[in-house]
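Dumped input.cif below, it's mmCIF, C-alpha atoms:
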```cif
data_my_file
loop_
_atom_site.group_PDB
_atom_site.id
_atom_site.type_symbol
_atom_site.label_atom_id
_atom_site.label_comp_id
_atom_site.auth_asym_id
_atom_site.auth_seq_id
_atom_site.Cartn_x
_atom_site.Cartn_y
_atom_site.Cartn_z
ATOM 1 C CA GLU A 1 84.114 102.885 114.675
ATOM 2 C CA PHE A 2 84.998 99.608 116.359
ATOM 3 C CA ILE A 3 84.598 96.109 114.955
ATOM 4 C CA CYS A 4 84.424 92.822 116.864
ATOM 5 C CA VAL A 5 86.766 89.922 116.166
ATOM 6 C CA TYR A 6 85.885 86.644 117.820
ATOM 7 C CA PRO A 7 88.468 83.821 117.863
ATOM 8 C CA ILE A 8 85.894 81.595 116.146
ATOM 9 C CA TYR A 9 86.158 83.774 112.999
ATOM 10 C CA ILE A 10 89.716 82.579 112.299
ATOM 11 C CA ASN A 11 89.574 79.074 113.830
ATOM 12 C CA SER A 12 90.530 76.340 111.335
ATOM 13 C CA LYS A 13 88.743 73.722 113.454
ATOM 14 C CA LYS A 14 85.352 75.353 112.772
ATOM 15 C CA THR A 15 83.201 75.185 109.647
ATOM 16 C CA LEU A 16 81.586 78.149 107.927
ATOM 17 C CA ALA A 17 78.266 77.110 109.484
ATOM 18 C CA GLU A 18 79.901 77.158 112.927
ATOM 19 C CA GLY A 19 81.077 80.738 112.472
ATOM 20 C CA ARG A 20 84.425 80.729 110.637
ATOM 21 C CA ARG A 21 84.733 83.683 108.258
ATOM 22 C CA ILE A 22 87.983 83.083 106.371
ATOM 23 C CA PRO A 23 89.147 80.139 104.210
ATOM 24 C CA THR A 24 90.452 77.076 106.060
ATOM 25 C CA GLU A 25 93.899 77.260 104.465
ATOM 26 C CA LYS A 26 94.403 80.757 105.930
ATOM 27 C CA ALA A 27 92.806 80.014 109.309
ATOM 28 C CA VAL A 28 94.630 79.248 112.579
ATOM 29 C CA GLU A 29 94.143 76.287 114.892
ATOM 30 C CA ASN A 30 92.441 77.304 118.152
ATOM 31 C CA PRO A 31 93.324 81.023 118.402
ATOM 32 C CA SER A 32 92.756 82.840 121.694
ATOM 33 C CA CYS A 33 91.652 86.384 122.456
ATOM 34 C CA ALA A 34 95.025 87.117 124.049
ATOM 35 C CA GLU A 35 96.827 86.122 120.829
ATOM 36 C CA ILE A 36 94.543 88.303 118.704
ATOM 37 C CA ARG A 37 95.073 91.198 121.122
ATOM 38 C CA ASP A 38 98.862 90.781 121.102
ATOM 39 C CA VAL A 39 99.069 90.724 117.297
ATOM 40 C CA LEU A 40 96.856 93.781 116.802
ATOM 41 C CA THR A 41 98.520 95.751 119.600
ATOM 42 C CA ALA A 42 101.908 95.078 118.009
ATOM 43 C CA ALA A 43 100.479 96.379 114.717
ATOM 44 C CA GLY A 44 99.613 99.652 116.446
ATOM 45 C CA MET A 45 95.835 99.251 116.575
ATOM 46 C CA ASN A 46 93.611 100.475 119.397
ATOM 47 C CA VAL A 47 92.326 97.223 120.917
ATOM 48 C CA TYR A 48 90.488 96.006 123.990
ATOM 49 C CA VAL A 49 89.122 92.618 125.076
ATOM 50 C CA GLU A 50 85.598 92.002 126.366
ATOM 51 C CA ASN A 51 84.383 88.966 128.304
ATOM 52 C CA LYS A 52 81.740 87.982 125.735
ATOM 53 C CA MET A 53 81.028 84.809 123.779
ATOM 54 C CA HIS A 54 80.120 84.131 120.172
ATOM 55 C CA PRO A 55 76.543 82.777 119.924
ATOM 56 C CA ARG A 56 77.644 79.720 117.899
ATOM 57 C CA GLU A 57 80.421 78.760 120.325
ATOM 58 C CA TRP A 58 79.062 75.702 122.143
ATOM 59 C CA ASN A 59 82.086 75.258 124.437
ATOM 60 C CA ARG A 60 81.726 77.467 127.526
ATOM 61 C CA ASP A 61 85.330 77.058 128.755
ATOM 62 C CA VAL A 62 87.369 80.111 129.725
ATOM 63 C CA GLN A 63 89.828 79.589 126.850
ATOM 64 C CA PHE A 64 87.006 80.062 124.308
ATOM 65 C CA ARG A 65 85.592 83.181 125.953
ATOM 66 C CA GLY A 66 86.203 86.719 124.857
ATOM 67 C CA ARG A 67 85.985 89.004 121.887
ATOM 68 C CA VAL A 68 88.395 91.666 120.712
ATOM 69 C CA ARG A 69 87.157 95.157 119.827
ATOM 70 C CA VAL A 70 89.338 96.854 117.215
ATOM 71 C CA GLN A 71 89.137 100.535 116.312
ATOM 72 C CA MET A 72 88.999 100.784 112.522
ATOM 73 C CA LYS A 73 88.092 104.450 112.045
ATOM 74 C CA GLN A 74 88.772 107.633 113.951
ATOM 75 C CA ALA A 75 86.114 110.195 114.906
ATOM 76 C CA ASP A 76 86.548 112.086 111.625
ATOM 77 C CA GLY A 77 85.882 108.917 109.578
ATOM 78 C CA SER A 78 89.461 108.266 108.450
ATOM 79 C CA PHE A 79 91.027 104.840 108.906
ATOM 80 C CA CYS A 80 93.391 104.363 111.864
ATOM 81 C CA GLN A 81 95.766 102.420 109.615
ATOM 82 C CA GLU A 82 95.647 102.345 105.841
ATOM 83 C CA LYS A 83 96.525 98.634 105.606
ATOM 84 C CA PHE A 84 93.340 97.746 107.519
ATOM 85 C CA THR A 85 90.403 99.032 105.473
ATOM 86 C CA SER A 86 87.966 96.159 106.099
ATOM 87 C CA ARG A 87 87.122 93.426 108.583
ATOM 88 C CA LYS A 88 88.626 90.821 106.258
ATOM 89 C CA ASP A 89 91.952 92.701 106.195
ATOM 90 C CA VAL A 90 92.106 92.525 109.998
ATOM 91 C CA MET A 91 91.134 88.837 110.119
ATOM 92 C CA PHE A 92 93.631 87.811 107.413
ATOM 93 C CA TYR A 93 96.413 89.774 109.123
ATOM 94 C CA VAL A 94 95.672 88.207 112.526
ATOM 95 C CA ALA A 95 95.485 84.699 111.034
ATOM 96 C CA GLU A 96 98.809 85.261 109.282
ATOM 97 C CA MET A 97 100.633 86.605 112.352
ATOM 98 C CA ILE A 98 99.406 84.296 115.158
ATOM 99 C CA PRO A 99 101.507 81.281 114.011
ATOM 100 C CA LYS A 100 104.588 83.542 114.169
ATOM 101 C CA LEU A 101 104.071 84.393 117.868
ATOM 102 C CA LYS A 102 106.761 83.149 120.268
ATOM 103 C CA THR A 103 104.213 81.174 122.285
ATOM 104 C CA ARG A 104 103.185 79.273 119.139
ATOM 105 C CA THR A 105 106.684 78.642 117.766
ATOM 106 C CA GLN A 106 108.031 77.227 121.048
ATOM 107 C CA LYS A 107 105.131 74.829 121.642
ATOM 108 C CA GLY A 108 104.888 73.420 118.130
ATOM 109 C CA GLY A 109 108.438 72.051 117.797
ATOM 110 C CA GLY A 110 108.502 68.629 116.187
ATOM 111 C CA SER A 111 104.807 67.876 116.422
ATOM 112 C CA ASP A 112 104.426 67.629 112.641
ATOM 113 C CA THR A 113 106.775 64.665 112.230
ATOM 114 C CA SER A 114 105.361 62.637 115.126
ATOM 115 C CA SER A 115 101.819 62.779 113.751
ATOM 116 C CA GLN A 116 102.902 61.210 110.470
ATOM 117 C CA GLN A 117 104.584 58.184 112.031
ATOM 118 C CA GLY A 118 102.697 54.943 112.255
ATOM 119 C CA GLU A 119 100.273 55.644 109.394
ATOM 120 C CA GLY A 120 101.715 53.175 106.909
ATOM 121 C CA GLY A 121 101.695 49.734 108.454
ATOM 122 C CA LYS A 122 103.897 47.022 106.925
ATOM 123 C CA LYS A 123 102.112 44.086 105.405
ATOM 124 C CA SER A 124 103.899 40.796 105.859
ATOM 125 C CA LYS A 125 103.350 38.157 103.220
ATOM 126 C CA LYS A 126 104.240 34.594 104.046
ATOM 127 C CA LYS A 127 105.279 32.174 101.316
ATOM 128 C CA LYS A 128 103.487 28.876 101.089
ATOM 129 C CA LYS A 129 105.689 25.786 100.939
#
```

Starting from the coordinates I provided, produce the structure as structure tokens.
Amino acid sequence: EFICVYPIYINSKKTLAEGRRIPTEKAVENPSCAEIRDVLTAAGMNVYVENKMHPREWNRDVQFRGRVRVQMKQADGSFCQEKFTSRKDVMFYVAEMIPKLKTRTQKGGGSDTSSQQGEGGKKSKKKKK
């Protein structure tokens, strides 16, 4: 038995109405199918990517295309891996591991501090004479 995992399911930029399926605090910013595939392949799952789109995805760009098929159960009905017994287990695992990928850790260096600068403007008060 295979399940489908769309990137929109774990995207922190989306709302529940737009298709996200896990809480925002556990979600990842703009995941791609390649990242989901890499994480699940490294975990030893049987995975393949299809060139499909989620119905609620309004952006038709190539980076938002694709869905990942993951084999949950074998032909005899037993789970492929005991740590993945539900869809949520797979989604939480993927959302936890994507930020640890090398492609994510190299790009995101120092972006957190630069976004916080410039928020608090200084107010200058002039004294009347």

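For the set A:Thr105, A:Thr41, A:Thr24, A:Asn11, the residue with the smallest atom-to-atom gap to Glu57 of chain A is A:Asn11, counting all atoms listed in the file.
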
Item to complete: Can you pull out every residue within 8 Å of Phe92 of chain A, counting only C-alpha atoms, but drop anything in the same chain fewer than 3 positions away, and send it as a ChimeraX atom specification?
Response: /A:22,26,88-89,95-96

Any chance you could export the current selection's C-alpha atoms as an mmCIF file, in the coordinates of the input?
```cif
data_model
loop_
_atom_site.group_PDB
_atom_site.id
_atom_site.type_symbol
_atom_site.label_atom_id
_atom_site.label_comp_id
_atom_site.auth_asym_id
_atom_site.auth_seq_id
_atom_site.Cartn_x
_atom_site.Cartn_y
_atom_site.Cartn_z
ATOM 1 C CA ILE A 22 87.983 83.083 106.371
ATOM 2 C CA LYS A 26 94.403 80.757 105.930
ATOM 3 C CA LYS A 88 88.626 90.821 106.258
ATOM 4 C CA ASP A 89 91.952 92.701 106.195
ATOM 5 C CA ALA A 95 95.485 84.699 111.034
ATOM 6 C CA GLU A 96 98.809 85.261 109.282
#
```

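Among the candidate residues A:Asn59, A:Thr15, A:Asn46, A:Thr103, the one lying nearest to Gln81 of chain A is A:Asn46, with distances computed using all atoms listed in the file.
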
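Between Arg65 of chain A and the candidates A:Gly77, A:Gly44, A:Pro31, A:Gly19, the tightest atom-to-atom separation, counting all atoms listed in the file, involves A:Pro31.
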
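Going from atom CA of Asp76 of chain A over to atom CA of Glu1 of chain A, you cover 10.0 Å.
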
Discussion item. Between atom CA of Val70 of chain A and atom CA of Ile3 of chain A, what distance in Å does the model show, to one decimal?
Written reply: 5.3 Å

Practice prompt. Could you tell me which residues the PyMOL selection byres ((chain A and resi 52) around 6) grabs in this file, written as a PyMOL selection string?
Written response: chain A and resi 50-51+53+66-67

Practice prompt. Could you tell me which of A:Leu16, A:Phe79, A:Pro55, A:Val5 comes closest to Glu35 of chain A if we count all atoms listed in the file?
Written response: A:Val5

Worksheet entry | Result set of the PyMOL selection byres ((chain A and resi 13) around 10) on the coordinates above, as a PyMOL selection string | chain A and resi 8+10-12+14-15+18+20+24+27-31

Item to complete: Kindly indicate which residue among A:Arg56, A:Arg21, A:Arg37, A:Arg87 lies nearest to Phe2 of chain A, using all atoms listed in the file for the distances.
Response: A:Arg87

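Going from atom CA of Glu82 of chain A to atom CA of Val49 of chain A covers 22.5 Å.
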
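Taking only C-alpha atoms, the non-local environment of Asp38 of chain A within 10 Å (same-chain residues fewer than 3 positions away omitted) comprises Cys33, Ala34, Glu35, Thr41, Ala42, Ala43, Val47, Val94, Met97, Ile98 and Leu101 of chain A.
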
Discussion item. Using all atoms listed in the file for the distances, tell me which of A:Tyr6, A:His54, A:Ser32, A:Phe64 is nearest to Val90 of chain A.
Written reply: A:Tyr6
